[in-house]
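Asks: Sending over entry.cif (mmCIF, C-alpha atoms).
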```cif
data_protein
#
loop_
_atom_site.group_PDB
_atom_site.id
_atom_site.type_symbol
_atom_site.label_atom_id
_atom_site.label_comp_id
_atom_site.auth_asym_id
_atom_site.auth_seq_id
_atom_site.Cartn_x
_atom_site.Cartn_y
_atom_site.Cartn_z
ATOM 1 C CA MET E 117 -20.408 18.672 -21.833
ATOM 2 C CA LYS E 118 -20.438 18.796 -25.608
ATOM 3 C CA ASP E 119 -16.750 17.766 -25.792
ATOM 4 C CA THR E 120 -16.993 15.057 -23.151
ATOM 5 C CA ARG E 121 -15.781 11.672 -24.330
ATOM 6 C CA TRP E 122 -18.279 9.432 -22.556
ATOM 7 C CA LEU E 123 -17.348 5.843 -21.800
ATOM 8 C CA SER E 124 -18.454 3.207 -24.252
ATOM 9 C CA GLU E 125 -20.390 0.234 -22.937
ATOM 10 C CA THR E 126 -17.212 -1.868 -22.848
ATOM 11 C CA GLU E 127 -15.262 0.909 -21.111
ATOM 12 C CA LEU E 128 -18.032 1.464 -18.580
ATOM 13 C CA ASP E 129 -18.231 -2.269 -17.849
ATOM 14 C CA ALA E 130 -14.464 -2.371 -17.248
ATOM 15 C CA TRP E 131 -14.548 0.733 -15.054
ATOM 16 C CA MET E 132 -17.465 -0.462 -12.935
ATOM 17 C CA ALA E 133 -15.938 -3.931 -12.524
ATOM 18 C CA TYR E 134 -12.686 -2.310 -11.344
ATOM 19 C CA VAL E 135 -14.451 0.040 -8.912
ATOM 20 C CA THR E 136 -16.631 -2.708 -7.464
ATOM 21 C CA ALA E 137 -13.802 -5.222 -7.107
ATOM 22 C CA THR E 138 -11.399 -2.751 -5.499
ATOM 23 C CA HIS E 139 -14.015 -1.542 -3.013
ATOM 24 C CA LEU E 140 -14.998 -5.094 -2.090
ATOM 25 C CA LEU E 141 -11.387 -6.237 -1.725
ATOM 26 C CA GLU E 142 -10.467 -3.171 0.321
ATOM 27 C CA ARG E 143 -13.432 -3.850 2.622
ATOM 28 C CA ARG E 144 -12.330 -7.492 3.112
ATOM 29 C CA VAL E 145 -8.746 -6.424 3.815
ATOM 30 C CA GLU E 146 -9.862 -3.734 6.287
ATOM 31 C CA GLU E 147 -12.155 -6.198 8.098
ATOM 32 C CA GLN E 148 -9.371 -8.776 8.423
ATOM 33 C CA LEU E 149 -6.804 -6.253 9.625
ATOM 34 C CA LYS E 150 -9.172 -4.697 12.162
ATOM 35 C CA ALA E 151 -10.135 -8.138 13.504
ATOM 36 C CA ASP E 152 -6.572 -9.476 13.696
ATOM 37 C CA SER E 153 -4.675 -6.388 14.858
ATOM 38 C CA GLY E 154 -6.871 -3.299 15.106
ATOM 39 C CA LEU E 155 -4.871 -1.716 12.272
ATOM 40 C CA THR E 156 -6.132 0.050 9.194
ATOM 41 C CA HIS E 157 -4.874 -1.011 5.777
ATOM 42 C CA ALA E 158 -2.780 2.180 5.563
ATOM 43 C CA GLN E 159 -1.153 1.413 8.914
ATOM 44 C CA TYR E 160 -0.474 -2.187 7.943
ATOM 45 C CA GLU E 161 1.143 -1.059 4.695
ATOM 46 C CA ILE E 162 3.441 1.303 6.619
ATOM 47 C CA LEU E 163 4.535 -1.551 8.900
ATOM 48 C CA ALA E 164 5.044 -3.859 5.915
ATOM 49 C CA LYS E 165 7.191 -1.286 4.069
ATOM 50 C CA LEU E 166 9.306 -0.699 7.157
ATOM 51 C CA SER E 167 9.764 -4.436 7.730
ATOM 52 C CA ALA E 168 11.098 -4.850 4.184
ATOM 53 C CA SER E 169 13.565 -1.959 4.452
ATOM 54 C CA PRO E 170 17.151 -2.199 5.704
ATOM 55 C CA GLU E 171 17.309 -2.064 9.504
ATOM 56 C CA ARG E 172 13.491 -1.735 9.522
ATOM 57 C CA ARG E 173 13.762 2.026 9.023
ATOM 58 C CA MET E 174 13.042 4.588 6.318
ATOM 59 C CA ARG E 175 13.140 8.335 5.933
ATOM 60 C CA MET E 176 9.643 9.714 6.299
ATOM 61 C CA THR E 177 9.741 11.304 2.822
ATOM 62 C CA GLU E 178 10.715 7.995 1.221
ATOM 63 C CA LEU E 179 8.097 6.116 3.234
ATOM 64 C CA ALA E 180 5.392 8.575 2.135
ATOM 65 C CA ARG E 181 6.382 7.930 -1.486
ATOM 66 C CA GLU E 182 6.375 4.149 -0.950
ATOM 67 C CA VAL E 183 2.905 4.032 0.595
ATOM 68 C CA VAL E 184 1.608 6.730 -1.789
ATOM 69 C CA VAL E 185 0.313 9.179 0.805
ATOM 70 C CA SER E 186 0.964 12.823 1.533
ATOM 71 C CA LYS E 187 3.637 13.706 4.068
ATOM 72 C CA SER E 188 0.987 15.058 6.448
ATOM 73 C CA GLY E 189 -1.087 11.890 6.039
ATOM 74 C CA LEU E 190 1.963 9.767 6.841
ATOM 75 C CA THR E 191 2.811 11.928 9.854
ATOM 76 C CA TYR E 192 -0.676 11.310 11.245
ATOM 77 C CA GLN E 193 -0.487 7.536 10.681
ATOM 78 C CA ILE E 194 3.003 7.322 12.195
ATOM 79 C CA GLY E 195 1.687 9.185 15.245
ATOM 80 C CA GLN E 196 -1.079 6.609 15.642
ATOM 81 C CA LEU E 197 1.400 3.734 15.245
ATOM 82 C CA GLU E 198 3.739 5.359 17.795
ATOM 83 C CA LYS E 199 0.908 5.434 20.343
ATOM 84 C CA LEU E 200 0.539 1.672 19.826
ATOM 85 C CA GLY E 201 4.284 1.142 20.273
ATOM 86 C CA LEU E 202 4.653 -0.285 16.756
ATOM 87 C CA VAL E 203 6.812 2.485 15.279
ATOM 88 C CA GLU E 204 9.097 5.174 16.609
ATOM 89 C CA ARG E 205 10.571 8.285 15.052
ATOM 90 C CA THR E 206 14.228 9.153 15.262
ATOM 91 C CA THR E 207 16.564 11.714 13.740
ATOM 92 C CA CYS E 208 18.456 10.642 10.646
ATOM 93 C CA PRO E 209 22.130 10.201 11.639
ATOM 94 C CA SER E 210 23.404 11.514 8.280
ATOM 95 C CA ASP E 211 21.038 14.526 8.137
ATOM 96 C CA GLU E 212 19.712 16.123 11.314
ATOM 97 C CA ARG E 213 16.800 17.606 9.350
ATOM 98 C CA GLY E 214 15.672 14.155 8.277
ATOM 99 C CA VAL E 215 13.329 11.999 10.319
ATOM 100 C CA LEU E 216 13.308 8.212 10.226
ATOM 101 C CA ALA E 217 10.373 5.948 10.960
ATOM 102 C CA VAL E 218 11.594 2.796 12.689
ATOM 103 C CA LEU E 219 9.649 -0.430 13.121
ATOM 104 C CA THR E 220 9.842 -1.560 16.744
ATOM 105 C CA ASP E 221 10.108 -5.147 17.944
ATOM 106 C CA GLU E 222 6.422 -4.939 18.898
ATOM 107 C CA GLY E 223 5.689 -3.765 15.348
ATOM 108 C CA VAL E 224 7.483 -6.841 13.995
ATOM 109 C CA ARG E 225 5.452 -9.101 16.297
ATOM 110 C CA CYS E 226 2.248 -7.375 15.174
ATOM 111 C CA LEU E 227 3.127 -8.033 11.526
ATOM 112 C CA GLU E 228 4.003 -11.654 12.274
ATOM 113 C CA ARG E 229 0.567 -12.127 13.866
ATOM 114 C CA THR E 230 -1.328 -10.241 11.166
ATOM 115 C CA ALA E 231 0.428 -11.134 7.896
ATOM 116 C CA PRO E 232 -0.884 -14.725 7.542
ATOM 117 C CA GLY E 233 -4.507 -13.575 7.667
ATOM 118 C CA HIS E 234 -3.766 -10.674 5.363
ATOM 119 C CA VAL E 235 -2.134 -12.903 2.766
ATOM 120 C CA ALA E 236 -5.022 -15.376 3.070
ATOM 121 C CA VAL E 237 -7.557 -12.633 2.247
ATOM 122 C CA VAL E 238 -5.509 -11.315 -0.693
ATOM 123 C CA ARG E 239 -5.105 -14.854 -2.032
ATOM 124 C CA ALA E 240 -8.711 -15.943 -1.493
ATOM 125 C CA PHE E 241 -10.342 -12.908 -3.051
ATOM 126 C CA LEU E 242 -7.864 -11.961 -5.767
ATOM 127 C CA ILE E 243 -4.624 -13.847 -6.426
ATOM 128 C CA ASP E 244 -5.990 -17.398 -6.425
ATOM 129 C CA GLN E 245 -8.906 -16.349 -8.642
ATOM 130 C CA LEU E 246 -6.581 -15.394 -11.510
ATOM 131 C CA THR E 247 -4.354 -17.367 -13.834
ATOM 132 C CA PRO E 248 -0.628 -16.556 -13.992
ATOM 133 C CA GLU E 249 -1.277 -14.819 -17.313
ATOM 134 C CA GLU E 250 -4.082 -12.727 -15.812
ATOM 135 C CA LEU E 251 -1.826 -11.754 -12.903
ATOM 136 C CA GLN E 252 0.884 -10.635 -15.327
ATOM 137 C CA ALA E 253 -1.663 -8.640 -17.308
ATOM 138 C CA MET E 254 -3.036 -7.074 -14.135
ATOM 139 C CA ALA E 255 0.471 -6.052 -13.041
ATOM 140 C CA ARG E 256 1.141 -4.470 -16.451
ATOM 141 C CA ILE E 257 -2.199 -2.667 -16.513
ATOM 142 C CA MET E 258 -1.996 -1.307 -12.959
ATOM 143 C CA SER E 259 1.647 -0.256 -13.419
ATOM 144 C CA LYS E 260 0.703 1.589 -16.606
ATOM 145 C CA ALA E 261 -2.193 3.344 -14.861
ATOM 146 C CA ALA E 262 0.032 4.309 -11.904
ATOM 147 C CA ALA E 263 2.677 5.724 -14.250
ATOM 148 C CA VAL E 264 0.091 7.885 -16.036
ATOM 149 C CA MET E 265 -1.368 9.169 -12.765
ATOM 150 C CA THR E 266 1.980 10.035 -11.185
ATOM 151 C CA ALA E 267 3.148 11.812 -14.348
ATOM 152 C CA ALA E 268 -0.025 13.920 -14.587
ATOM 153 C CA PRO E 269 0.362 17.681 -13.980
ATOM 154 C CA GLY E 270 -0.523 18.754 -10.463
ATOM 155 C CA HIS E 271 0.196 15.336 -8.991
ATOM 156 C CA SER E 272 1.895 15.787 -5.614
ATOM 157 C CA ILE E 273 2.641 12.185 -4.633
ATOM 158 C CA GLU E 274 5.500 10.358 -6.298
ATOM 159 C CA ALA E 275 5.112 6.751 -7.360
ATOM 160 C CA PRO E 276 7.056 4.181 -5.386
ATOM 161 C CA ALA E 277 9.982 2.526 -7.062
ATOM 162 C CA ARG E 278 8.779 -0.688 -8.676
ATOM 163 C CA ARG E 279 10.618 -3.695 -7.324
ATOM 164 C CA ARG E 280 10.639 -6.758 -9.503
ATOM 165 C CA GLY E 281 12.133 -10.148 -8.887
ATOM 166 C CA THR E 282 14.043 -9.209 -5.759
ATOM 167 C CA GLY E 283 13.150 -12.486 -4.122
ATOM 168 C CA ARG E 284 12.771 -10.566 -0.883
ATOM 169 C CA ARG E 285 9.796 -11.537 1.234
ATOM 170 C CA THR E 286 7.525 -8.835 2.520
ATOM 171 C CA ALA E 287 4.530 -9.014 4.796
ATOM 172 C CA LEU E 288 2.517 -9.913 1.704
ATOM 173 C CA GLY E 289 4.465 -12.914 0.648
#
```
Do you think you could lay out the structure here as structure tokens?

Replies:
Amino acid sequence: MKDTRWLSETELDAWMAYVTATHLLERRVEEQLKADSGLTHAQYEILAKLSASPERRMRMTELAREVVVSKSGLTYQIGQLEKLGLVERTTCPSDERGVLAVLTDEGVRCLERTAPGHVAVVRAFLIDQLTPEELQAMARIMSKAAAVMTAAPGHSIEAPARRRGTGRRTALG
């Protein structure tokens, strides 16, 4: 413990504010999603990623990278979403070893019902509380932190490709 670089007061304040805010926001998002659709945040994110992809389908490995979960964690969530009829798995036509997750029509309807409430929570408790400059700073800071974490030795989950200025709507906007 002699070589430990303890957090300064300013660093500790920043860290604790981050931890508290992310936990509170995650709780609000989970409550809204459970109330509106019975989904978890992880499940909603999977549906949202699929809805934004061409033909509402993605290879499971790519989807795991996009939602930043392990392949086994994604397999479990996809299984739960399949039971609800929101997603189905199919073989990749160009590679029989590959598996695609496909958003069903019922999955699209679920997103259409759930997305307005989800966006309202994200706006009310985060986006609308910040200035455009603060939002830009937040995006830079969080992107920098994500890059450091995904580049760290022993990290097994790849970072999703960062999409900027595509103009494409997702279930968040």

Asks: Here is a test: counting all atoms listed in the file, which residue of E:Ser153, E:Thr177, E:Thr120, E:Thr136 is nearest to Arg213 in chain E?

Replies: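 Looking only at the distances to Arg213 in chain E, the closest residue turns out to be E:Thr177.
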
Asks: In the coordinates of the file, take the point (-6.2, -10.8, -13.6) and a cut-off of 12 Å; then, counting only C-alpha atoms, name each qualifying protein, DNA or RNA residue as a ChimeraX atom specification.

Replies: /E:133-134,137,241-258

Asks: How would the residues just chosen look if you wrote them out with C-alpha atoms as an mmCIF file, keeping the file's coordinate frame?

Replies:
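Saved file out-v7.cif follows:
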```
data_model
loop_
_atom_site.group_PDB
_atom_site.id
_atom_site.type_symbol
_atom_site.label_atom_id
_atom_site.label_comp_id
_atom_site.auth_asym_id
_atom_site.auth_seq_id
_atom_site.Cartn_x
_atom_site.Cartn_y
_atom_site.Cartn_z
ATOM 1 C CA ALA E 133 -15.938 -3.931 -12.524
ATOM 2 C CA TYR E 134 -12.686 -2.310 -11.344
ATOM 3 C CA ALA E 137 -13.802 -5.222 -7.107
ATOM 4 C CA PHE E 241 -10.342 -12.908 -3.051
ATOM 5 C CA LEU E 242 -7.864 -11.961 -5.767
ATOM 6 C CA ILE E 243 -4.624 -13.847 -6.426
ATOM 7 C CA ASP E 244 -5.990 -17.398 -6.425
ATOM 8 C CA GLN E 245 -8.906 -16.349 -8.642
ATOM 9 C CA LEU E 246 -6.581 -15.394 -11.510
ATOM 10 C CA THR E 247 -4.354 -17.367 -13.834
ATOM 11 C CA PRO E 248 -0.628 -16.556 -13.992
ATOM 12 C CA GLU E 249 -1.277 -14.819 -17.313
ATOM 13 C CA GLU E 250 -4.082 -12.727 -15.812
ATOM 14 C CA LEU E 251 -1.826 -11.754 -12.903
ATOM 15 C CA GLN E 252 0.884 -10.635 -15.327
ATOM 16 C CA ALA E 253 -1.663 -8.640 -17.308
ATOM 17 C CA MET E 254 -3.036 -7.074 -14.135
ATOM 18 C CA ALA E 255 0.471 -6.052 -13.041
ATOM 19 C CA ARG E 256 1.141 -4.470 -16.451
ATOM 20 C CA ILE E 257 -2.199 -2.667 -16.513
ATOM 21 C CA MET E 258 -1.996 -1.307 -12.959
#
```

Asks: Can you measure CA of Glu147 in chain E to CA of Gly223 in chain E for me? One decimal in Å is fine.

Replies: 19.4 Å

Asks: Which value, in Å to one decimal, gives the distance between CA of Arg172 in chain E and CA of Val224 in chain E?

Replies: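 Separation of CA of Arg172 in chain E and CA of Val224 in chain E: 9.1 Å.
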
Asks: Which residues would end up in the selection if the PyMOL selection byres ((chain E and resi 161-166) around 8) were applied here, given that I need the answer as a list in words?

Replies: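 On this input, the PyMOL selection byres ((chain E and resi 161-166) around 8) captures His157, Ala158, Gln159, Tyr160, Ser167, Ala168, Ser169, Arg172, Arg173, Met174, Leu179, Glu182, Val183, Leu202, Val203, Ala217, Val218, Leu219, Gly223, Val224, Leu227, Thr286, Ala287 and Leu288 of chain E.
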
Asks: Which one of E:Cys226, E:Val184, E:Val235, E:Ala268 sits closest to Gly201 in chain E if you count only C-alpha atoms?

Replies: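 Of E:Cys226, E:Val184, E:Val235, E:Ala268, the one nearest Gly201 in chain E is E:Cys226, counting only C-alpha atoms.
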